[in-house]
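**Student:** input39.txt is the file, holding compact mmCIF, C-alpha atoms:
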```txt
# COMPACT_ATOMS: atom_id res chain seq x y z
CA MET A 178 47.50 92.39 38.54
CA SER A 179 46.30 92.71 34.95
CA LYS A 180 48.79 90.01 33.92
CA LEU A 181 47.33 87.66 36.51
CA LYS A 182 43.82 88.31 35.19
CA SER A 183 44.83 87.72 31.59
CA SER A 184 46.61 84.47 32.42
CA SER A 185 43.57 83.34 34.39
CA SER A 186 41.29 84.03 31.43
CA GLU A 187 43.61 82.09 29.15
CA LEU A 188 43.40 79.13 31.48
CA ASP A 189 39.60 79.39 31.40
CA LEU A 190 39.66 79.27 27.61
CA ASP A 191 41.82 76.15 27.61
CA ARG A 192 39.70 74.39 30.20
CA PRO A 193 37.10 71.99 28.68
CA ASN A 194 33.52 73.09 29.29
CA ILE A 195 31.68 70.05 30.68
CA GLU A 196 28.31 71.67 29.95
CA ASP A 197 29.01 71.27 26.23
CA TYR A 198 28.83 67.51 26.80
CA LEU A 199 25.50 67.68 28.68
CA PRO A 200 22.06 68.18 27.15
CA SER A 201 19.94 71.02 28.44
CA GLY A 202 17.58 69.94 31.20
CA SER A 203 19.94 67.34 32.63
CA ILE A 204 21.93 69.78 34.74
CA GLN A 205 19.31 71.22 37.09
CA GLU A 206 18.18 69.18 40.09
CA PRO A 207 15.02 69.70 42.17
CA HIS A 208 15.17 72.42 44.83
CA GLY A 209 17.18 71.52 47.89
CA LYS A 210 19.66 69.34 46.05
CA LEU A 211 23.11 70.09 44.72
CA CYS A 212 23.21 71.16 41.08
CA LEU A 213 25.77 69.59 38.78
CA ARG A 214 26.55 73.05 37.36
CA ASP A 215 27.34 74.40 40.82
CA LEU A 216 29.59 71.50 41.72
CA LEU A 217 31.59 71.80 38.50
CA ASP A 218 31.92 75.57 38.94
CA ILE A 219 33.34 75.06 42.43
CA SER A 220 36.29 72.98 41.28
CA PRO A 221 38.12 73.66 37.97
CA THR A 222 40.04 70.44 38.59
CA LEU A 223 36.80 68.45 38.70
CA THR A 224 35.64 70.15 35.49
CA GLU A 225 38.85 69.21 33.70
CA ALA A 226 38.66 65.67 35.06
CA ALA A 227 35.07 65.23 33.88
CA GLY A 228 35.96 66.56 30.42
CA ALA A 229 38.89 64.17 30.26
CA ILE A 230 36.61 61.25 31.14
CA VAL A 231 34.38 62.03 28.16
CA ASP A 232 37.33 62.19 25.79
CA ASP A 233 39.30 59.32 27.29
CA SER A 234 36.41 56.86 27.21
CA PHE A 235 36.72 56.82 23.42
CA THR A 236 40.36 57.57 22.59
CA ARG A 237 41.73 54.95 25.00
CA CYS A 238 40.44 52.24 22.64
CA PHE A 239 42.81 53.38 19.89
CA LYS A 240 46.00 54.11 21.80
CA SER A 241 48.97 51.82 22.23
CA ILE A 242 49.80 51.20 25.86
CA PRO A 243 53.62 51.30 26.17
CA PRO A 244 55.22 48.56 28.25
CA GLU A 245 56.91 49.29 31.53
CA PRO A 246 60.64 49.99 30.93
CA TRP A 247 62.93 47.32 32.35
CA ASN A 248 66.36 48.48 31.10
CA TRP A 249 66.61 51.11 33.80
CA ASN A 250 69.91 50.27 35.48
CA ILE A 251 73.52 49.57 34.57
CA TYR A 252 73.05 45.80 34.90
CA LEU A 253 70.08 45.47 32.56
CA PHE A 254 70.96 48.08 29.94
CA PRO A 255 73.82 46.03 28.38
CA LEU A 256 71.45 43.04 28.05
CA TRP A 257 68.90 45.25 26.32
CA CYS A 258 71.58 46.51 23.89
CA MET A 259 72.57 42.93 23.08
CA GLY A 260 68.93 42.10 22.44
CA VAL A 261 68.60 45.01 20.00
CA LEU A 262 71.68 43.80 18.08
CA VAL A 263 70.33 40.24 17.89
CA ARG A 264 66.88 41.36 16.73
CA TYR A 265 68.09 43.78 14.05
CA LEU A 266 71.32 42.13 12.85
CA VAL A 267 70.44 38.42 13.16
CA LEU A 268 66.70 37.80 13.34
CA PHE A 269 65.57 40.52 10.94
CA PRO A 270 67.82 39.44 8.01
CA LEU A 271 66.80 35.80 8.52
CA ARG A 272 63.14 36.76 8.52
CA VAL A 273 63.55 38.80 5.32
CA ILE A 274 65.09 35.72 3.69
CA VAL A 275 62.20 33.53 4.89
CA LEU A 276 59.61 35.97 3.52
CA THR A 277 61.48 36.37 0.22
CA VAL A 278 61.69 32.60 -0.27
CA GLY A 279 57.99 32.36 0.53
CA TRP A 280 57.08 34.91 -2.13
CA ILE A 281 59.26 33.17 -4.73
CA ILE A 282 57.58 29.82 -4.05
CA PHE A 283 54.12 31.39 -3.96
CA LEU A 284 54.41 33.39 -7.20
CA SER A 285 56.09 30.55 -9.10
CA CYS A 286 53.08 28.37 -8.29
CA TYR A 287 50.23 30.90 -8.20
CA ILE A 288 50.80 32.49 -11.62
CA PRO A 289 50.67 29.19 -13.59
CA VAL A 290 47.69 27.95 -11.57
CA HIS A 291 45.76 31.19 -12.00
CA PHE A 292 46.28 31.52 -15.77
CA LEU A 293 46.62 27.93 -16.98
CA LEU A 294 43.68 26.38 -15.10
CA LYS A 295 40.99 28.85 -16.12
CA GLY A 296 38.85 26.07 -17.56
CA HIS A 297 39.03 24.01 -14.38
CA ASP A 298 37.51 26.35 -11.84
CA LYS A 299 37.04 23.85 -9.04
CA LEU A 300 40.66 22.65 -9.14
CA ARG A 301 41.98 26.19 -9.61
CA LYS A 302 40.08 27.52 -6.57
CA LYS A 303 41.30 24.63 -4.43
CA LEU A 304 44.96 25.19 -5.39
CA GLU A 305 44.69 28.98 -5.00
CA ARG A 306 43.18 28.47 -1.57
CA CYS A 307 46.14 26.30 -0.52
CA LEU A 308 48.65 28.81 -1.92
CA VAL A 309 47.06 31.73 -0.06
CA GLU A 310 47.28 29.72 3.16
CA LEU A 311 50.94 29.00 2.32
CA ILE A 312 52.00 32.63 1.83
CA CYS A 313 50.18 33.63 5.03
CA SER A 314 52.16 30.92 6.85
CA PHE A 315 55.37 32.48 5.55
CA PHE A 316 54.23 35.88 6.82
CA VAL A 317 53.59 34.43 10.29
CA ALA A 318 56.99 32.68 10.20
CA SER A 319 58.65 36.02 9.37
CA TRP A 320 57.45 37.34 12.75
CA THR A 321 58.37 34.13 14.56
CA GLY A 322 54.65 33.83 15.18
CA VAL A 323 53.64 31.61 18.08
CA VAL A 324 49.90 31.09 17.54
CA LYS A 325 47.80 28.68 19.53
CA TYR A 326 44.46 27.74 18.00
CA HIS A 327 41.62 26.51 20.22
CA GLY A 328 38.51 24.75 18.96
CA PRO A 329 37.57 23.01 15.70
CA ARG A 330 39.02 24.32 12.47
CA PRO A 331 36.45 26.18 10.31
CA SER A 332 34.97 24.25 7.38
CA ILE A 333 33.28 25.27 4.15
CA ARG A 334 29.53 25.36 4.74
CA PRO A 335 26.77 27.54 3.30
CA LYS A 336 24.76 29.98 5.41
CA GLN A 337 27.49 30.80 7.93
CA VAL A 338 29.75 33.76 8.64
CA PHE A 339 32.74 34.17 10.98
CA VAL A 340 33.17 37.34 13.04
CA ALA A 341 36.25 38.34 15.06
CA ASN A 342 37.57 41.23 17.12
CA HIS A 343 40.06 43.38 15.21
CA THR A 344 43.50 44.55 16.34
CA SER A 345 45.53 44.71 13.15
CA MET A 346 45.50 43.55 9.54
CA ILE A 347 47.64 40.64 10.73
CA ASP A 348 44.47 39.23 12.33
CA PHE A 349 43.44 38.23 8.83
CA ILE A 350 46.88 36.71 8.07
CA ILE A 351 46.88 34.67 11.29
CA LEU A 352 43.40 33.31 10.59
CA GLU A 353 44.09 32.83 6.88
CA GLN A 354 47.07 30.52 7.41
CA MET A 355 44.70 27.95 8.91
CA THR A 356 41.66 28.47 6.68
CA ALA A 357 41.37 30.43 3.42
CA PHE A 358 38.66 32.92 4.41
CA ALA A 359 36.99 35.37 2.08
CA VAL A 360 37.29 38.61 4.04
CA ILE A 361 35.34 41.86 4.07
CA MET A 362 37.95 44.61 4.23
CA GLN A 363 38.53 48.32 3.65
CA LYS A 364 40.24 48.99 0.31
CA HIS A 365 43.86 50.04 0.93
CA PRO A 366 46.31 51.92 -1.31
CA GLY A 367 49.82 50.84 -2.34
CA TRP A 368 51.10 47.28 -2.39
CA VAL A 369 48.42 46.12 0.02
CA GLY A 370 45.75 47.32 -2.41
CA LEU A 371 47.53 45.48 -5.24
CA LEU A 372 47.40 42.22 -3.25
CA GLN A 373 43.74 42.83 -2.49
CA SER A 374 42.76 43.33 -6.12
CA THR A 375 44.77 40.35 -7.41
CA ILE A 376 45.61 37.51 -5.03
CA LEU A 377 42.88 37.95 -2.42
CA GLU A 378 40.23 38.36 -5.11
CA SER A 379 40.84 34.71 -5.92
CA VAL A 380 39.47 33.58 -2.54
CA GLY A 381 36.31 35.68 -2.93
CA SER A 382 37.24 38.64 -0.71
CA ILE A 383 35.03 41.74 -0.85
CA TRP A 384 36.39 45.30 -0.66
CA PHE A 385 34.68 48.55 0.22
CA ASN A 386 35.52 52.21 0.63
CA ARG A 387 34.49 53.57 4.01
CA SER A 388 33.77 57.04 2.57
CA GLU A 389 31.44 55.76 -0.18
CA ALA A 390 27.83 55.32 0.95
CA LYS A 391 26.87 53.37 -2.19
CA ASP A 392 29.49 50.71 -1.34
CA ARG A 393 27.35 49.59 1.60
CA GLU A 394 24.52 48.45 -0.66
CA ILE A 395 26.93 46.66 -3.00
CA VAL A 396 28.70 44.92 -0.11
CA ALA A 397 25.37 43.89 1.49
CA ARG A 398 24.24 42.31 -1.78
CA ARG A 399 27.55 40.50 -2.32
CA LEU A 400 27.48 39.22 1.26
CA ARG A 401 24.12 37.57 0.75
CA GLU A 402 25.24 36.06 -2.55
CA HIS A 403 28.46 34.72 -1.01
CA ILE A 404 26.90 32.93 1.96
CA GLU A 405 24.45 31.14 -0.33
CA GLY A 406 27.25 29.45 -2.31
CA ALA A 407 28.04 25.92 -1.11
CA ASP A 408 31.59 25.98 -2.58
CA ASN A 409 32.54 29.50 -1.50
CA ASN A 410 35.26 30.02 1.09
CA PRO A 411 34.10 30.78 4.65
CA LEU A 412 33.26 34.46 5.05
CA LEU A 413 35.22 36.46 7.67
CA ILE A 414 34.01 39.84 8.94
CA PHE A 415 35.54 42.21 11.50
CA PRO A 416 32.31 43.90 12.68
CA GLU A 417 34.07 46.58 14.74
CA GLY A 418 35.03 48.19 11.43
CA THR A 419 38.39 49.46 12.70
CA CYS A 420 41.47 48.32 14.60
CA VAL A 421 41.16 48.44 18.41
CA ASN A 422 44.11 48.06 20.79
CA ASN A 423 43.21 44.54 22.03
CA HIS A 424 42.18 45.84 25.45
CA TYR A 425 38.63 46.82 24.44
CA THR A 426 35.87 45.94 21.99
CA VAL A 427 33.79 48.69 20.38
CA MET A 428 30.27 48.28 19.00
CA PHE A 429 29.73 45.58 16.36
CA LYS A 430 28.07 46.66 13.12
CA LYS A 431 24.80 44.81 12.63
CA GLY A 432 25.36 43.92 8.94
CA ALA A 433 26.84 40.49 9.67
CA PHE A 434 23.99 39.70 12.07
CA GLU A 435 21.01 40.40 9.81
CA LEU A 436 21.96 37.95 7.05
CA GLY A 437 19.78 35.17 8.50
CA CYS A 438 22.72 32.77 8.82
CA THR A 439 24.79 31.13 11.56
CA VAL A 440 27.40 33.41 13.13
CA CYS A 441 30.65 31.78 14.32
CA PRO A 442 32.53 33.99 16.83
CA VAL A 443 36.34 34.08 16.78
CA ALA A 444 38.28 35.63 19.67
CA ILE A 445 41.87 36.83 19.19
CA LYS A 446 44.10 37.83 22.09
CA TYR A 447 47.72 38.97 21.72
CA ASN A 448 50.38 38.57 24.35
CA LYS A 449 52.25 41.89 24.51
CA VAL A 450 55.31 40.59 26.32
CA PHE A 451 57.36 40.79 23.08
CA VAL A 452 55.50 43.26 20.86
CA ASP A 453 52.26 45.21 20.70
CA ALA A 454 50.38 43.90 17.64
CA PHE A 455 47.97 46.86 17.54
CA TRP A 456 48.12 48.76 14.24
CA ASN A 457 47.27 52.45 14.46
CA SER A 458 46.67 53.14 10.79
CA ARG A 459 46.45 56.90 11.36
CA LYS A 460 50.02 57.07 12.65
CA GLN A 461 51.78 54.15 10.98
CA SER A 462 51.74 52.57 7.53
CA PHE A 463 51.23 48.84 7.28
CA THR A 464 54.76 48.47 5.91
CA MET A 465 56.23 50.06 9.03
CA HIS A 466 53.92 47.93 11.15
CA LEU A 467 55.31 44.78 9.51
CA LEU A 468 58.88 46.00 10.07
CA GLN A 469 58.04 46.52 13.73
CA LEU A 470 56.81 42.93 13.97
CA MET A 471 59.79 41.54 12.04
CA THR A 472 62.26 43.28 14.37
CA SER A 473 60.57 42.02 17.55
CA TRP A 474 61.32 38.77 19.33
CA ALA A 475 58.03 37.12 18.45
CA VAL A 476 54.30 37.63 17.91
CA VAL A 477 52.41 35.52 20.45
CA CYS A 478 48.64 35.12 20.38
CA ASP A 479 45.72 32.81 21.08
CA VAL A 480 42.80 32.22 18.71
CA TRP A 481 39.53 30.68 19.91
CA TYR A 482 36.94 29.32 17.48
CA LEU A 483 33.82 29.59 19.63
CA GLU A 484 30.41 27.93 19.53
CA PRO A 485 28.25 29.03 16.56
CA GLN A 486 25.35 31.32 17.40
CA ASN A 487 21.96 31.91 15.80
CA LEU A 488 19.41 34.68 16.08
CA LYS A 489 16.99 33.90 18.90
CA PRO A 490 13.21 34.37 18.57
CA GLY A 491 12.30 37.99 19.24
CA GLU A 492 15.96 39.10 19.17
CA THR A 493 16.93 42.06 16.99
CA PRO A 494 20.16 42.06 14.90
CA ILE A 495 21.60 44.72 17.22
CA GLU A 496 20.91 42.59 20.29
CA PHE A 497 22.35 39.58 18.47
CA ALA A 498 25.51 41.57 17.69
CA GLU A 499 25.88 42.61 21.34
CA ARG A 500 25.42 39.02 22.51
CA VAL A 501 28.18 37.81 20.19
CA ARG A 502 30.38 40.71 21.30
CA ASP A 503 29.85 39.60 24.91
CA ILE A 504 31.00 36.07 24.03
CA ILE A 505 34.16 37.28 22.27
CA SER A 506 35.00 39.86 24.95
CA VAL A 507 34.68 37.36 27.80
CA ARG A 508 36.78 34.71 26.03
CA ALA A 509 39.58 37.13 25.05
CA GLY A 510 39.46 39.10 28.31
CA LEU A 511 38.52 42.39 26.62
CA LYS A 512 36.50 45.28 28.05
CA LYS A 513 33.33 46.39 26.27
CA VAL A 514 32.81 50.08 25.56
CA PRO A 515 29.65 51.65 24.05
CA TRP A 516 31.37 53.45 21.18
CA ASP A 517 31.01 53.21 17.42
CA GLY A 518 34.44 52.56 15.90
CA TYR A 519 33.60 54.74 12.87
CA LEU A 520 33.83 57.79 15.15
CA LYS A 521 37.58 57.28 14.78
CA TYR A 522 37.24 58.47 11.17
CA SER A 523 34.33 60.94 11.26
CA ARG A 524 32.59 63.36 13.59
CA PRO A 525 29.48 62.02 15.36
CA SER A 526 26.03 63.16 14.27
CA PRO A 527 24.09 65.50 16.61
CA LYS A 528 21.65 62.68 17.42
CA HIS A 529 24.45 60.29 18.39
CA ARG A 530 26.24 63.00 20.38
CA GLU A 531 23.02 63.89 22.25
CA ARG A 532 22.48 60.23 23.19
CA LYS A 533 26.01 59.91 24.57
CA GLN A 534 25.69 63.22 26.42
CA GLN A 535 22.47 62.07 28.06
CA GLY A 536 24.06 58.81 29.19
CA PHE A 537 27.06 60.63 30.62
CA ALA A 538 24.88 63.16 32.47
CA GLU A 539 22.76 60.42 34.02
CA SER A 540 25.84 58.50 35.18
CA VAL A 541 27.38 61.62 36.77
CA LEU A 542 24.14 62.57 38.55
CA ARG A 543 23.71 59.01 39.78
CA ARG A 544 27.17 59.09 41.34
CA LEU A 545 26.47 62.45 42.97
CA GLU A 546 23.29 61.09 44.55
CA GLU A 547 25.28 58.19 45.97
CA ILE A 548 27.70 60.67 47.55
```
Give the structure from the file, written as C-alpha cells.
**Tutor:**
Amino acid sequence: MSKLKSSSSELDLDRPNIEDYLPSGSIQEPHGKLCLRDLLDISPTLTEAAGAIVDDSFTRCFKSIPPEPWNWNIYLFPLWCMGVLVRYLVLFPLRVIVLTVGWIIFLSCYIPVHFLLKGHDKLRKKLERCLVELICSFFVASWTGVVKYHGPRPSIRPKQVFVANHTSMIDFIILEQMTAFAVIMQKHPGWVGLLQSTILESVGSIWFNRSEAKDREIVARRLREHIEGADNNPLLIFPEGTCVNNHYTVMFKKGAFELGCTVCPVAIKYNKVFVDAFWNSRKQSFTMHLLQLMTSWAVVCDVWYLEPQNLKPGETPIEFAERVRDIISVRAGLKKVPWDGYLKYSRPSPKHRERKQQGFAESVLRRLEEI
C-alpha cells in the first residue's frame, strides 16, 4: 500500500500544475458557478492536457513535422532504397561539383574586383552585387532548387525596406539570387561568420549579436542611414528574429516598421514533398543543414513579392507590423501565433508571462462558460 502511495505522489510531482500558468484572481468564479480549480482537480488528465496546451502553443512553431512514411511494405521499400542510392551516390557528388565550380568562378572574379577597383566604387559595387547573386544561384543549383517567383522584381529605391517570414538561412540565399539585398542578420561563428564579415559586407549587410543590448542601438542607427542612401542595395529584414517551421508566423519585431519608410512584404512558402527546409539551429549546424538539402531530391518553394505598404494615419508601428504579418501569413498559408520568437533563446519576463497567463485563463474560462 505504501508503494502505491509513493508512486502516486511521484506522478503528482511530474504532473504540470496548471495554476502556475494562471494569475491569481482569474481562477475563482462567482458563487453558484463551477470553479476552474475544481474542474482541474477533478481530472488529472485534463490538468495535463491544459499544461500541454500552454507549452505546445509555443514549441510547435520550432519543431520539424516529419512526413508520413511511405516505404512501409515490401513493394515500396526497394524503391526507397534505390532512391537513397541515387541521391547519395549520384546527385550529391554532382551537386558538390556544381558548388565547387561556382566557388572557383566566384573567387577568381570577386578577389580582383574587390581589391583592384577600390578607386571606382560605383563600378565595384555593381560587379560585387552581380557576383553575390551568381554564387547564390550556384547554391540554389546545388540543391536542385525549383523556385517560382511571383510579382515584380525588387528595385533599388531609397526609403523602402523588404520584410519576409523566416524558415532557414537559405531564405536569404533564395532571395539573394534574384536581387542583391543588404540583410540584417545574427552574427554566426565558423565559415558562415567569415562569409558575413567579408563577402556579404560588400553588399551593405548589417550584423548584430542577439545577446548584446548595445547592438540594438547601433543596428537601428545603421538601418536609418542605409535606407536614406539612393545607391544602397535594397534592405531585407526577417522581423520574426528566428527561424520558424514554415507552418506558423510569430510576432514581428517593430524595428522595421518605425523607420518611416515603405515596407515591401515578401512571402516564402516551401513545398515539403521532397525535403523540410526548416533549420533548427539549436539542434543542427548550418553545414549539416546544407548537406541535408544537397542529399534531397529538390528544394521547392514559392516566393511572392507583395504590394508595398505604408503606415496609416493613427496606426502604431506594432499595429503596422501585425497588418504586414497578416498579409504574409495569408499569402503563404501560414498560421499566426501570438508569441515572441526571442522566447526561443531566453526566458520570458514576469510581465510578459503574466500577460500570456491572463490570456490563457480568459480563453479557458470562456470555453467553460460555453459548455
**Student:** Please indicate the distance in Å from CA of Lys513 in chain A to CA of Trp456 in chain A, rounded to one decimal place.
**Tutor:**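 Computing it gives 19.2 Å between the two atoms.
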**Student:** Take CA of Val360 in chain A and CA of Ile414 in chain A and report the distance between them in Å, one decimal.
**Tutor:**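 Those two atoms sit 6.0 Å apart.
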**Student:** If I take CA of Ile445 in chain A and CA of Glu305 in chain A, how far is one from the other in Å, to one decimal?
**Tutor:** 25.6 Å
**Student:** Around all listed atoms of range 310-317 of chain A, padded 6 Å per side, what centre and edge lengths does the axis-aligned box have in Å to one decimal, as JSON?
**Tutor:**
```
{"center_x": 51.3, "center_y": 32.4, "center_z": 6.1, "size_x": 20.1, "size_y": 18.9, "size_z": 20.5}
```
**Student:** Given the choices A:His343, A:Val452, A:Asn423, A:Met355, which gets closest to Leu468 in chain A if the distance is worked out from all atoms listed in the file?
**Tutor:**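 Nearest to Leu468 in chain A: A:Val452.
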**Student:** Under the rule that only C-alpha atoms are counted, which of A:Ile383, A:Leu276, A:Leu308, A:Val514 is the nearest residue to Val290 in chain A?
**Tutor:**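 Closest to Val290 in chain A of all the choices is A:Leu308.
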**Student:** Using only C-alpha atoms, which residue out of A:Asp453, A:Asp517, A:Glu484, A:Glu394 lies closest to His466 in chain A?
**Tutor:**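 Counting only C-alpha atoms, the residue closest to His466 in chain A is A:Asp453.
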**Student:** For Leu311 in chain A, which residue among A:Asn487, A:Gln354, A:Thr277, A:Ser241 is the nearest when counting all atoms listed in the file?
**Tutor:** A:Gln354
**Student:** Given all atoms listed in the file, how would the per-residue table for range 465-512 of chain A near range 254-265 of chain A read, listing every residue at most 7 Å away with its closest atom pair and distance in Å to one decimal, sorted by chain and number, as JSON lines?
**Tutor:**
```
{"residue": "A:Thr472", "atom": "CA", "partner": "A:Arg264", "partner_atom": "CA", "distance": 5.5}
{"residue": "A:Ser473", "atom": "CA", "partner": "A:Arg264", "partner_atom": "CA", "distance": 6.4}
{"residue": "A:Trp474", "atom": "CA", "partner": "A:Arg264", "partner_atom": "CA", "distance": 6.7}
```
